[in-house]
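Q: Structure in structure tokens, see below.
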Amino acid sequence: MSGSHGETINVTLKVWRQTSADAPGGFETHQQAISTDASFLEMLDLLNEELNAAGKEPIAFESDCREGICGTCGVMINGRAHGPQKATATCQLHMREFADDDEIVIEPFRATGFPVIRDLAVDRSPLDAIIEAGGYISVNTGAASDANLTPVPKAAADQAFDAAACIGCGACVAACPNSAAQLFTSAKIGHLGLLPQGQAERWSRTEAMVETMEEFFGSCTNHGECTEACPKEISLDFIALMNRDYMKAKVKNRGLAGQH
Amino acid sequence: MGILESKVPEGTLADKWENHKFSMNLVNPNNKRKFDIIVVGTGLAGASAAATLGELGYRVKAFTFHDSPRRAHSIAAQGGINAAKNYTNDGDSVHRLFYDTVKGGDYRSREANVHRLAEVSVNIIDQATAQGVPFARDYGGLLDNRSFGGAQVSRTFYARGQTGQQLLIGAYSALMRQVAAGTVELHTRAELLDVVKKDGRACGIVVRDLLSGEVTPHSAHAVVLATGGYSNVYFLSTNAMMCNVTAAWRAHKRGAYFANPCYTQIHPTCIPASDDFQSKLTLMSESLRNDGRIWVPSAFDDTRPAADIPEGDRDYYLERKYPAFGNLVPRDVASRNAKTVCDEGHGVGPLKNGVYLDFAAAIARNGLDAISEKYGNLFDMYQRITGENPYEQPMRIYPAIHYTMGGLWVDYHLMTTVPGLYSIGEANFSDHGANRLGASALMQGLADGYFVLPYTIGDDLAGQLGNPVVPVDDPVFTTAVAGIEDEAHRWLSINGTRSVDHFHRELGRIVWDRIGMARNGPGLEKGLSEISALRSEFHSDVRVLGSADTLNQSLEKAGRVADFFELAELMARDALERSESCGGHFREEHQTAQGEAQRDDDNFAHVAAWEWNGEGTVQTRHREELTFETVALSQRSYK
């Protein structure tokens, strides 16, 4: 593998350009010679340098940590959210995943809930609205008891963590043919619902979050594209858990006899 | 020289905070809603502060330049968070955590602040757990701990390798709960570009909407800056791409003193840069040094693959020089030694800019599965980035900047030298002295936000009761808004030849070479003139295309890089004046015969806080003397 350092490939980039949410967009074609050691976003950095030098406005795209944890980045690469490598956010994708003469189509995340801001940048703020609807445990600062007062079975803690690993990038929504946000929403509901601390608000939280989700996003029809695209490989099981909890919540929250 | 009043309370160290909480002025619950507080930044410190202030009943406006509060760079912290819980029964205590932190900081921090930090550390773990932060647990369901550099007890709580992410999600969810409750008004994609004062007191801020370009004033009774550190002055660092010094720097230019800018921390185990297009560096957890052996080829320019280099031709230089600590010497020592061997020509990799971190012996000893279980995630990440398989060949690592101990000077109340303006988290200078211990950044951010600022801010606000906020059509605001609008148009009208990133990268090279891991007088002098020359070029030759009324990432960066230029000059000046070595500040002229950092406690046991004197004028250096009543100063040794 070490022999591959510094290898240069030539790729054709078809990049989506759009000046604003209302403006029509279209593809722009660029040829790019690039080292296979470069990350995908470093390739876009280089392209932007060249555009700037030629007096053309650079391509707007978002990224921040470039370590696959902040969830800021994300584009469609050849029709796939975050591109070809499994369990890898766009910022962690490297050009050694591509070959000489490849054509690479780069588009913004496509989803009705994520309007385009400019070029490859989209507005994912509806995800925050879902969290605002109930993605928390209500405990004011100072009101907590000692952390070891309530043991949490290791299995529950580990499963909760698997859900909590969600980085909020929105790839699940972009990958879904229905633009549904079930995987994102269920990850938070699962994270909190699996922990003893999360029980008090479990049913009200589930109902509020699911119904807010439905204001912005499409319906789930079990394609499973979301978990395929997820950089953290969050399991479809959490959607099943959320669906079950939602049904129960609809009954419990009505306060029917004996249901509390 | 101005007066730097640290406002450290009287009394014995262990009683100071407790007594002070009683003696501070309070704002009664019904009056809290009469106060507006602005919090800028929504990382660990900002989100926890905004949420807590909202819970208390204040009217809070929280600002982030990200699209969501959850993106802040706190999220990337891997290792863990320290707390003096002593759940492991190995003799930890508030006093021991306090002591380790003061010593780890090379005796350049304020004792009273550090003690308070250690005291509230235990509350942070309780709070985070109650929020649902999934800390690692043992099979009995109780919280697990691990040990970390600079401590001889296990006091680090962790959530796999994503502790920062989980703590930030906890603080973010608390914040969103207050947004839902209506106590916090959240402004996303809003970047602070000026701090506004009236009659000497902070009265608000000016922000630019990053999508529409609209510049708006916001007024409040108090302003809190939680805007992080300035590692990106080096261009290549482990910080996220957008991290910057702009909020802190613009506050500095409005009168807030900037303290100890030369205290920067390098992390020894990062993946080396692979080419000129490198955009940032990635950290590999320090825990790898528990099992990896660090070495370089003994011969210069040895190009054989690692596996073909026999034992006799390898130099395990840390084990050779530091037999007692070996590969586990502190961060600064490990980093400087890596630089030395690479500078001498022993570096490995295509650019000869790394040293080997070799797991062959550990794999032979413990088996592949055991190593994979411990470090599998990290090995995968390394392979994704480098294309090399660390199970089969050694990792290549090199030090990189990843944290800055310096920042806005604050008193015991976390208030800057501008009344009504506070700074918390990495943005301030307090608590870590000249070197931060691992797993202490998360602790400090959350301590400030959850348990310190929400109390101390009331002391000052109590005296403001009945005072209305300054209206946003006051000339102090309209002037500031006009200034920021002019700034945007100035960048767009330069129409030079080179990009903002070009200048940032060049600036980073100078700062790394002159104010990096090792500094010396002549180099710093040279650095000052190099920075100044490049800065003039930047202001006359930068090319920022597009317009100011839309998302324009080059325009955003132009202002940030301009501030980095000014900061870099101050860093060089601060490093030059501090004629000693301490923690992350290593002056080559001041080392022991063995090459270790040599402090000068007689002349430099103080904080250097710099006062802005206007454009084109050198800042004034003020001192806050550090007095050590509890900890005895000594020389660190790891032989």
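Quick note on naming: the chains in the structure tokens go A, B, ... in the order shown, residues restart at 1 in each chain, and ligands are numbered from 1 in order of appearance.
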Can you build me a table of chain B residues sitting at most 6 Å from chain A, with the closest atom pair per residue and its distance in Å to one decimal, using only C-alpha atoms, sorted by chain and residue number, as JSON lines?
A:
{"residue": "B:Arg71", "atom": "CA", "partner": "A:Cys70", "partner_atom": "CA", "distance": 5.0}
{"residue": "B:Asp126", "atom": "CA", "partner": "A:Ala147", "partner_atom": "CA", "distance": 4.4}
{"residue": "B:Gln127", "atom": "CA", "partner": "A:Ala144", "partner_atom": "CA", "distance": 5.3}
{"residue": "B:Thr129", "atom": "CA", "partner": "A:Ala147", "partner_atom": "CA", "distance": 5.8}
{"residue": "B:Ala130", "atom": "CA", "partner": "A:Ala144", "partner_atom": "CA", "distance": 5.9}
{"residue": "B:Gln131", "atom": "CA", "partner": "A:Ile137", "partner_atom": "CA", "distance": 5.4}
{"residue": "B:Pro134", "atom": "CA", "partner": "A:Phe161", "partner_atom": "CA", "distance": 5.7}
{"residue": "B:Arg137", "atom": "CA", "partner": "A:Lys154", "partner_atom": "CA", "distance": 5.8}
{"residue": "B:Tyr139", "atom": "CA", "partner": "A:Lys154", "partner_atom": "CA", "distance": 5.6}
{"residue": "B:Gly141", "atom": "CA", "partner": "A:Val152", "partner_atom": "CA", "distance": 4.5}
{"residue": "B:Leu142", "atom": "CA", "partner": "A:Pro151", "partner_atom": "CA", "distance": 5.2}
{"residue": "B:Ser173", "atom": "CA", "partner": "A:Tyr136", "partner_atom": "CA", "distance": 5.1}
{"residue": "B:Met176", "atom": "CA", "partner": "A:Glu132", "partner_atom": "CA", "distance": 5.0}
{"residue": "B:Arg177", "atom": "CA", "partner": "A:Glu132", "partner_atom": "CA", "distance": 6.0}
{"residue": "B:Ala180", "atom": "CA", "partner": "A:Glu132", "partner_atom": "CA", "distance": 5.7}
{"residue": "B:Ala240", "atom": "CA", "partner": "A:Cys65", "partner_atom": "CA", "distance": 4.0}
{"residue": "B:Met241", "atom": "CA", "partner": "A:Asp64", "partner_atom": "CA", "distance": 4.8}
{"residue": "B:Met242", "atom": "CA", "partner": "A:Asp64", "partner_atom": "CA", "distance": 5.9}
{"residue": "B:Glu388", "atom": "CA", "partner": "A:Met1", "partner_atom": "CA", "distance": 5.9}
{"residue": "B:Leu545", "atom": "CA", "partner": "A:Glu57", "partner_atom": "CA", "distance": 5.8}
Q: Would you give me, as a list in words, the residues in stretch 580-626 of chain B that DSSP reads as strand (DSSP E)?
A: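 Listing strand (DSSP E) positions across stretch 580-626 of chain B yields His606, Val607, Ala608, Ala609, Trp610, Glu611, Thr620, Arg621, His622, Arg623, Glu624 and Glu625 of chain B.
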Q: If you count only C-alpha atoms, which residues fall within 10 Å of B:Asn145, apart from same-chain ones fewer than 2 positions away, as a compact mmCIF listing (two decimals) with N, CA and C atoms, in the first residue's frame?
A:
# COMPACT_ATOMS: atom_id res chain seq x y z
N GLY B 80 -11.87 11.78 27.12
CA GLY B 80 -12.70 11.69 28.31
C GLY B 80 -12.76 12.97 29.10
N ILE B 81 -13.33 12.88 30.28
CA ILE B 81 -13.49 14.04 31.15
C ILE B 81 -13.11 13.65 32.57
N ASN B 82 -12.25 14.45 33.16
CA ASN B 82 -11.79 14.17 34.52
C ASN B 82 -12.81 14.63 35.55
N ALA B 83 -12.89 13.89 36.66
CA ALA B 83 -13.70 14.32 37.79
C ALA B 83 -13.21 13.60 39.04
N LYS B 85 -14.28 12.02 41.47
CA LYS B 85 -15.32 11.21 42.10
C LYS B 85 -14.75 10.16 43.04
N ASN B 86 -13.55 9.71 42.75
CA ASN B 86 -12.93 8.61 43.50
C ASN B 86 -13.81 7.37 43.54
N TYR B 87 -14.55 7.10 42.46
CA TYR B 87 -15.33 5.86 42.37
C TYR B 87 -14.42 4.63 42.36
N THR B 88 -13.18 4.82 41.94
CA THR B 88 -12.26 3.67 41.85
C THR B 88 -11.55 3.41 43.18
N PHE B 135 -22.14 7.35 29.33
CA PHE B 135 -20.76 7.05 29.73
C PHE B 135 -20.55 5.55 29.77
N ALA B 136 -19.29 5.13 29.61
CA ALA B 136 -18.95 3.71 29.69
C ALA B 136 -19.29 3.19 31.09
N ARG B 137 -19.80 1.94 31.14
CA ARG B 137 -20.17 1.33 32.41
C ARG B 137 -19.56 -0.05 32.52
N ASP B 138 -19.41 -0.52 33.75
CA ASP B 138 -18.91 -1.87 33.95
C ASP B 138 -20.11 -2.82 33.98
N LEU B 142 -22.36 0.29 36.82
CA LEU B 142 -21.84 1.55 37.37
C LEU B 142 -20.80 2.15 36.42
N LEU B 143 -20.48 3.39 36.66
CA LEU B 143 -19.62 4.12 35.73
C LEU B 143 -18.18 3.63 35.79
N SER B 147 -7.35 5.72 33.29
CA SER B 147 -6.33 6.69 33.68
C SER B 147 -5.88 7.46 32.44
N PHE B 148 -5.29 8.60 32.67
CA PHE B 148 -4.87 9.47 31.59
C PHE B 148 -3.56 10.12 31.96
N VAL B 153 -4.01 8.33 39.24
CA VAL B 153 -5.29 7.72 39.64
C VAL B 153 -6.17 7.61 38.40
N SER B 154 -7.20 6.76 38.48
CA SER B 154 -8.15 6.62 37.38
C SER B 154 -9.34 7.52 37.67
N ARG B 155 -9.40 8.64 36.99
CA ARG B 155 -10.49 9.59 37.26
C ARG B 155 -11.14 10.07 35.97
N THR B 156 -10.85 9.40 34.85
CA THR B 156 -11.37 9.87 33.58
C THR B 156 -12.61 9.08 33.18
N PHE B 157 -13.73 9.78 33.07
CA PHE B 157 -14.98 9.21 32.59
C PHE B 157 -14.97 9.33 31.07
N TYR B 158 -15.54 8.34 30.38
CA TYR B 158 -15.44 8.36 28.92
C TYR B 158 -16.66 7.69 28.30
Q: Given the choices B:Ile424, B:Leu414, B:Leu175, B:Leu437, which gets closest to B:Tyr99 if the distance is worked out from only C-alpha atoms?
A: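 Using only C-alpha atoms, the shortest distance to B:Tyr99 belongs to B:Leu437.
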Q: Env of stretch 74-84 of chain A: 8 Å cut, atoms = only C-alpha atoms, seq-sep filter 5 positions within chain, self excluded. Answer as a ChimeraX atom specification.
A: /A:62-63,89-91,93,97,104-110,120,169-172,174-175,229,231
Q: Any chance you can output those residues with C-alpha atoms as a short mmCIF file (atom, residue, chain, number, x, y, z; two decimals), in the first residue's frame?
A:
data_model
loop_
_atom_site.label_atom_id
_atom_site.label_comp_id
_atom_site.auth_asym_id
_atom_site.auth_seq_id
_atom_site.Cartn_x
_atom_site.Cartn_y
_atom_site.Cartn_z
CA GLU A 62 -20.05 22.80 4.13
CA SER A 63 -17.61 20.96 6.36
CA ALA A 89 -18.84 10.65 6.06
CA THR A 90 -17.92 12.77 3.04
CA CYS A 91 -15.04 14.40 4.90
CA LEU A 93 -13.69 9.81 2.03
CA GLU A 97 -11.62 5.15 -3.54
CA ILE A 104 -17.90 11.95 -10.34
CA VAL A 105 -21.30 13.61 -10.03
CA ILE A 106 -21.54 15.87 -6.97
CA GLU A 107 -24.91 17.18 -5.84
CA PRO A 108 -26.38 18.64 -2.67
CA PHE A 109 -28.38 16.38 -0.37
CA ARG A 110 -31.71 16.04 -2.16
CA LEU A 120 -23.87 22.04 -2.32
CA CYS A 169 -25.69 14.86 9.17
CA GLY A 170 -29.00 14.09 7.48
CA ALA A 171 -27.61 11.45 5.10
CA CYS A 172 -30.46 9.15 6.13
CA ALA A 174 -31.01 12.33 1.67
CA ALA A 175 -30.70 8.60 0.94
CA ALA A 229 -25.89 5.61 3.99
CA PRO A 231 -21.78 7.05 8.56
#
Q: Can you work out which one of B:Ala273, B:Val207, B:Val114, B:Ala151 has the shortest atom-to-atom distance to B:Leu351, counting only C-alpha atoms?
A: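 The shortest atom-to-atom distance to B:Leu351 comes from B:Ala273.
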Q: So, counting only C-alpha atoms, which residue among B:Phe538, B:Phe628, B:Tyr455, B:Tyr375 is closest to B:Ser287?
A: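 So, comparing all the options, the nearest one is B:Tyr375.
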Q: How would you write, as a PyMOL selection string, the set of residues in stretch 209-354 of chain B that DSSP gives as helix (DSSP H, G or I)?
A: chain B and resi 231-234+246-253+286-290+306-308+311-313+317-321+326-328+331-343
